[in-house]
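Printed here is protein_37.pdb (PDB, C-alpha atoms):
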```pdb
ATOM      1  CA  MET A  12      69.518 -48.238  80.705  1.00  0.00           C
ATOM      2  CA  SER A  13      72.432 -48.554  83.091  1.00  0.00           C
ATOM      3  CA  ILE A  14      75.914 -47.377  82.248  1.00  0.00           C
ATOM      4  CA  THR A  15      77.161 -50.967  82.106  1.00  0.00           C
ATOM      5  CA  SER A  16      74.764 -51.808  79.273  1.00  0.00           C
ATOM      6  CA  VAL A  17      75.808 -48.845  77.115  1.00  0.00           C
ATOM      7  CA  ARG A  18      76.921 -50.029  73.711  1.00  0.00           C
ATOM      8  CA  VAL A  19      80.437 -49.220  72.527  1.00  0.00           C
ATOM      9  CA  GLY A  20      81.730 -48.384  69.084  1.00  0.00           C
ATOM     10  CA  ASP A  21      84.872 -49.068  67.112  1.00  0.00           C
ATOM     11  CA  ARG A  22      86.600 -46.007  68.562  1.00  0.00           C
ATOM     12  CA  ASP A  23      86.063 -47.280  72.129  1.00  0.00           C
ATOM     13  CA  ARG A  24      87.369 -50.715  71.159  1.00  0.00           C
ATOM     14  CA  GLN A  25      90.420 -49.180  69.474  1.00  0.00           C
ATOM     15  CA  THR A  26      91.149 -46.997  72.535  1.00  0.00           C
ATOM     16  CA  THR A  27      91.039 -50.107  74.719  1.00  0.00           C
ATOM     17  CA  ALA A  28      93.337 -51.973  72.308  1.00  0.00           C
ATOM     18  CA  ASP A  29      95.793 -49.048  72.413  1.00  0.00           C
ATOM     19  CA  LEU A  30      95.845 -49.179  76.218  1.00  0.00           C
ATOM     20  CA  LEU A  31      96.443 -52.922  76.057  1.00  0.00           C
ATOM     21  CA  SER A  32      99.370 -52.351  73.667  1.00  0.00           C
ATOM     22  CA  GLN A  33     100.934 -49.924  76.116  1.00  0.00           C
ATOM     23  CA  ALA A  34     100.426 -52.377  78.967  1.00  0.00           C
ATOM     24  CA  LEU A  35     102.100 -55.126  76.925  1.00  0.00           C
ATOM     25  CA  GLY A  36     105.020 -52.824  76.166  1.00  0.00           C
ATOM     26  CA  GLN A  37     105.461 -52.129  79.865  1.00  0.00           C
ATOM     27  CA  GLY A  38     105.425 -55.813  80.781  1.00  0.00           C
ATOM     28  CA  TYR A  39     102.072 -56.099  82.560  1.00  0.00           C
ATOM     29  CA  PHE A  40     101.363 -59.368  80.743  1.00  0.00           C
ATOM     30  CA  ASP A  41     102.769 -61.655  78.049  1.00  0.00           C
ATOM     31  CA  LEU A  42     101.887 -61.830  74.356  1.00  0.00           C
ATOM     32  CA  ALA A  43      99.383 -64.678  74.734  1.00  0.00           C
ATOM     33  CA  GLU A  44      97.376 -62.776  77.356  1.00  0.00           C
ATOM     34  CA  TYR A  45      97.600 -59.626  75.216  1.00  0.00           C
ATOM     35  CA  GLU A  46      96.103 -61.436  72.227  1.00  0.00           C
ATOM     36  CA  THR A  47      93.290 -62.834  74.380  1.00  0.00           C
ATOM     37  CA  ARG A  48      92.499 -59.403  75.806  1.00  0.00           C
ATOM     38  CA  VAL A  49      92.593 -57.672  72.415  1.00  0.00           C
ATOM     39  CA  GLN A  50      90.219 -60.264  70.973  1.00  0.00           C
ATOM     40  CA  ALA A  51      87.890 -59.702  73.934  1.00  0.00           C
ATOM     41  CA  ALA A  52      88.117 -55.938  73.436  1.00  0.00           C
ATOM     42  CA  PHE A  53      87.174 -56.120  69.759  1.00  0.00           C
ATOM     43  CA  ALA A  54      84.361 -58.576  70.541  1.00  0.00           C
ATOM     44  CA  ALA A  55      82.968 -56.332  73.300  1.00  0.00           C
ATOM     45  CA  GLU A  56      79.545 -54.847  72.760  1.00  0.00           C
ATOM     46  CA  THR A  57      79.093 -52.948  76.042  1.00  0.00           C
ATOM     47  CA  ALA A  58      81.155 -50.590  78.168  1.00  0.00           C
ATOM     48  CA  ASP A  59      81.134 -53.122  80.993  1.00  0.00           C
ATOM     49  CA  GLU A  60      82.823 -55.732  78.803  1.00  0.00           C
ATOM     50  CA  LEU A  61      85.576 -53.245  77.902  1.00  0.00           C
ATOM     51  CA  ARG A  62      86.030 -52.328  81.572  1.00  0.00           C
ATOM     52  CA  ARG A  63      86.502 -55.999  82.455  1.00  0.00           C
ATOM     53  CA  VAL A  64      89.309 -56.268  79.870  1.00  0.00           C
ATOM     54  CA  LEU A  65      91.149 -53.398  81.613  1.00  0.00           C
ATOM     55  CA  ALA A  66      90.024 -54.062  85.207  1.00  0.00           C
ATOM     56  CA  ASP A  67      93.390 -55.154  86.629  1.00  0.00           C
ATOM     57  CA  LEU A  68      95.516 -52.556  84.809  1.00  0.00           C
ATOM     58  CA  PRO A  69      96.569 -49.045  85.935  1.00  0.00           C
ATOM     59  CA  VAL A  70      94.606 -47.340  83.139  1.00  0.00           C
ATOM     60  CA  GLU A  71      95.189 -43.759  84.322  1.00  0.00           C
ATOM     61  CA  HIS A  72      98.939 -44.378  84.436  1.00  0.00           C
ATOM     62  CA  LEU A  73      98.853 -45.798  80.904  1.00  0.00           C
ATOM     63  CA  ARG A  74      96.897 -42.791  79.624  1.00  0.00           C
ATOM     64  CA  ARG A  75      99.291 -40.342  81.279  1.00  0.00           C
ATOM     65  CA  ILE A  76     102.346 -41.837  79.592  1.00  0.00           C
ATOM     66  CA  ASP A  77     100.724 -42.314  76.175  1.00  0.00           C
ATOM     67  CA  PRO A  78     103.312 -41.071  73.622  1.00  0.00           C
ATOM     68  CA  ARG A  79     100.619 -39.473  71.467  1.00  0.00           C
ATOM     69  CA  ARG A  80      99.255 -37.564  74.440  1.00  0.00           C
ATOM     70  CA  ILE A  81     102.738 -36.365  75.408  1.00  0.00           C
ATOM     71  CA  ALA A  82     103.380 -35.243  71.808  1.00  0.00           C
ATOM     72  CA  ALA A  83     100.063 -33.364  71.763  1.00  0.00           C
ATOM     73  CA  ARG A  84     100.990 -31.561  74.991  1.00  0.00           C
ATOM     74  CA  ARG A  85     104.360 -30.572  73.577  1.00  0.00           C
ATOM     75  CA  ASN A  86     102.764 -29.257  70.395  1.00  0.00           C
ATOM     76  CA  ALA A  87     100.227 -27.273  72.427  1.00  0.00           C
ATOM     77  CA  ALA A  88     103.008 -25.760  74.538  1.00  0.00           C
ATOM     78  CA  ARG A  89     104.988 -24.767  71.453  1.00  0.00           C
ATOM     79  CA  THR A  90     101.895 -23.277  69.854  1.00  0.00           C
ATOM     80  CA  SER A  91     101.205 -21.224  72.978  1.00  0.00           C
ATOM     81  CA  VAL A  92     104.719 -19.757  72.771  1.00  0.00           C
ATOM     82  CA  ARG A  93     104.176 -18.860  69.096  1.00  0.00           C
ATOM     83  CA  ILE A  94     100.912 -17.109  69.999  1.00  0.00           C
ATOM     84  CA  HIS A  95     102.649 -15.264  72.846  1.00  0.00           C
ATOM     85  CA  LEU A  96     105.430 -14.203  70.468  1.00  0.00           C
ATOM     86  CA  ALA A  97     102.881 -12.910  67.936  1.00  0.00           C
ATOM     87  CA  GLY A  98     101.164 -10.882  70.658  1.00  0.00           C
ATOM     88  CA  TYR A  99     104.495  -9.516  71.814  1.00  0.00           C
ATOM     89  CA  ALA A 100     105.452  -8.512  68.259  1.00  0.00           C
ATOM     90  CA  ALA A 101     102.098  -6.759  67.828  1.00  0.00           C
ATOM     91  CA  MET A 102     102.578  -4.869  71.101  1.00  0.00           C
ATOM     92  CA  VAL A 103     106.093  -3.798  70.045  1.00  0.00           C
ATOM     93  CA  ALA A 104     104.781  -2.577  66.697  1.00  0.00           C
ATOM     94  CA  ILE A 105     101.988  -0.589  68.378  1.00  0.00           C
ATOM     95  CA  VAL A 106     104.166   1.139  70.990  1.00  0.00           C
ATOM     96  CA  LEU A 107     106.833   1.979  68.411  1.00  0.00           C
ATOM     97  CA  THR A 108     104.180   3.400  66.078  1.00  0.00           C
ATOM     98  CA  VAL A 109     102.692   5.515  68.876  1.00  0.00           C
ATOM     99  CA  TRP A 110     106.135   6.742  69.937  1.00  0.00           C
ATOM    100  CA  LEU A 111     107.079   7.593  66.370  1.00  0.00           C
ATOM    101  CA  ALA A 112     103.786   9.403  65.715  1.00  0.00           C
ATOM    102  CA  VAL A 113     104.156  11.472  68.902  1.00  0.00           C
ATOM    103  CA  ALA A 114     107.838  12.164  68.220  1.00  0.00           C
ATOM    104  CA  LEU A 115     107.124  13.312  64.655  1.00  0.00           C
ATOM    105  CA  THR A 116     104.214  15.451  65.796  1.00  0.00           C
ATOM    106  CA  THR A 117     106.092  17.154  68.632  1.00  0.00           C
ATOM    107  CA  GLY A 118     109.513  17.115  67.003  1.00  0.00           C
ATOM    108  CA  SER A 119     111.050  15.612  70.165  1.00  0.00           C
ATOM    109  CA  PHE A 120     112.853  12.271  69.913  1.00  0.00           C
ATOM    110  CA  ALA A 121     114.547  12.682  73.291  1.00  0.00           C
ATOM    111  CA  TYR A 122     112.829  10.088  75.489  1.00  0.00           C
ATOM    112  CA  PHE A 123     112.401   6.569  74.113  1.00  0.00           C
ATOM    113  CA  TRP A 124     109.654   5.387  76.469  1.00  0.00           C
ATOM    114  CA  PRO A 125     108.728   2.208  74.459  1.00  0.00           C
ATOM    115  CA  VAL A 126     111.793   0.543  75.953  1.00  0.00           C
ATOM    116  CA  TRP A 127     109.823  -0.153  79.162  1.00  0.00           C
ATOM    117  CA  PRO A 128     106.858  -2.069  77.712  1.00  0.00           C
ATOM    118  CA  ILE A 129     109.211  -3.804  75.272  1.00  0.00           C
ATOM    119  CA  LEU A 130     111.503  -4.980  78.089  1.00  0.00           C
ATOM    120  CA  GLY A 131     108.570  -5.937  80.320  1.00  0.00           C
ATOM    121  CA  GLY A 132     106.974  -7.941  77.547  1.00  0.00           C
ATOM    122  CA  ALA A 133     110.298  -9.601  76.753  1.00  0.00           C
ATOM    123  CA  VAL A 134     110.650 -10.750  80.360  1.00  0.00           C
ATOM    124  CA  GLY A 135     107.174 -12.302  80.204  1.00  0.00           C
ATOM    125  CA  LEU A 136     107.873 -13.938  76.864  1.00  0.00           C
ATOM    126  CA  LEU A 137     111.171 -15.403  78.055  1.00  0.00           C
ATOM    127  CA  GLY A 138     109.499 -16.605  81.244  1.00  0.00           C
ATOM    128  CA  HIS A 139     107.074 -18.501  79.069  1.00  0.00           C
ATOM    129  CA  ALA A 140     109.381 -19.690  76.273  1.00  0.00           C
ATOM    130  CA  LEU A 141     112.393 -20.932  78.255  1.00  0.00           C
ATOM    131  CA  PRO A 142     110.538 -23.547  80.333  1.00  0.00           C
ATOM    132  CA  VAL A 143     108.725 -24.770  77.227  1.00  0.00           C
ATOM    133  CA  ARG A 144     112.021 -25.050  75.371  1.00  0.00           C
ATOM    134  CA  THR A 145     113.660 -26.850  78.294  1.00  0.00           C
ATOM    135  CA  PHE A 146     110.898 -29.401  78.921  1.00  0.00           C
ATOM    136  CA  CYS A 147     109.654 -29.965  75.364  1.00  0.00           C
ATOM    137  CA  ARG A 148     112.774 -31.323  73.749  1.00  0.00           C
TER     138      ARG A 148
END
```
Translate this file's structure into structure tokens.
Amino acid sequence: MSITSVRVGDRDRQTTADLLSQALGQGYFDLAEYETRVQAAFAAETADELRRVLADLPVEHLRRIDPRRIAARRNAARTSVRIHLAGYAAMVAIVLTVWLAVALTTGSFAYFWPVWPILGGAVGLLGHALPVRTFCR
């Protein structure tokens, strides 16, 4: 069975219709041609038929600027900052606990060494969070 005779499902047809909607919104064709192409997409039974519906369109460009895809990337970036922040908070809690345990055991509170890993971690966290905040508005 060749790749062109592979059957497609409703999800494939819907993905093609979504790409056609984006192409219509960007002015690649008029409403009449859009309706014809969408009907052909939902009538398609093979991958080759769906490819013919999209053959003259810049599909990769349409996928790159898909609003849902952009929103998913933004959410992933924000989630990564939250995970980084949680790791940073855990590190701060650990170094402060170690410092406090050593200070209580030795009776010497003179040198607050946790400031160095806390500051270093803060620099890394800010280096991660600020670009995400700037570009994910």
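Residue membership of the PyMOL selection byres ((chain A and resi 129) around 10) in the shown file amounts to Tyr99, Ala100, Met102, Val103, Ala104, Val106, Leu107, Trp124, Pro125, Val126, Trp127, Pro128, Leu130, Gly131, Gly132, Ala133 and Val134 of chain A.
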re atom CA of Leu141 of chain A and atom CA of Ile105 of chain A: distance 24.9 Å
List as a PyMOL selection string the protein and nucleic acid residues near segment 78-89 of chain A, meaning an atom at most 9 Å away when all atoms listed in the file are counted, but skip any in the same chain fewer than 6 places from it.
chain A and resi 140+143-144+146-148
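Residue nearest Asp23 of chain A within the list A:Leu42, A:Leu61, A:Ile94, A:Ala66: A:Leu61 [criterion: smallest interatomic distance, only C-alpha atoms].
Relative to atom CA of Gly98 of chain A, atom CA of Val113 of chain A is found at 22.6 Å.
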Box for segment 112-128 of chain A - axis-aligned, 3 Å on each of the six sides, all listed atoms - centre and size in Å to one decimal, as lines of an AutoDock Vina configuration file.
```
center_x = 109.2
center_y = 7.5
center_z = 71.9
size_x = 16.8
size_y = 25.2
size_z = 20.5
```
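Put simply, the PyMOL selection byres ((chain A and resi 31) around 8) on this file hits Thr27, Ala28, Asp29, Leu30, Ser32, Gln33, Ala34, Leu35, Tyr45, Arg48, Val49 and Leu65 of chain A.
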Closest of A:Val92, A:Leu68, A:Ala101, A:Leu115 to Gln37 of chain A, counting all atoms listed in the file, is A:Leu68
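Picture a line from atom CA of Thr57 of chain A to atom CA of Asp77 of chain A; it runs 24.1 Å.
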For Ala51 of chain A, find every residue with an atom within 8 Å (counting all atoms listed in the file), except residues of its own chain fewer than 4 positions away, and show them as a JSON list (two decimals) with C-alpha atoms, in the coordinates of the input.
```json
[["chain", "number", "residue", "atom", "x", "y", "z"],
["A", 47, "THR", "CA", 93.29, -62.83, 74.38],
["A", 55, "ALA", "CA", 82.97, -56.33, 73.30],
["A", 61, "LEU", "CA", 85.58, -53.24, 77.90],
["A", 64, "VAL", "CA", 89.31, -56.27, 79.87]]
```
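Closest approach to Asp21 of chain A among A:His72, A:Asp41, A:Glu56, A:Gln50 is made by A:Glu56 (distances from only C-alpha atoms).
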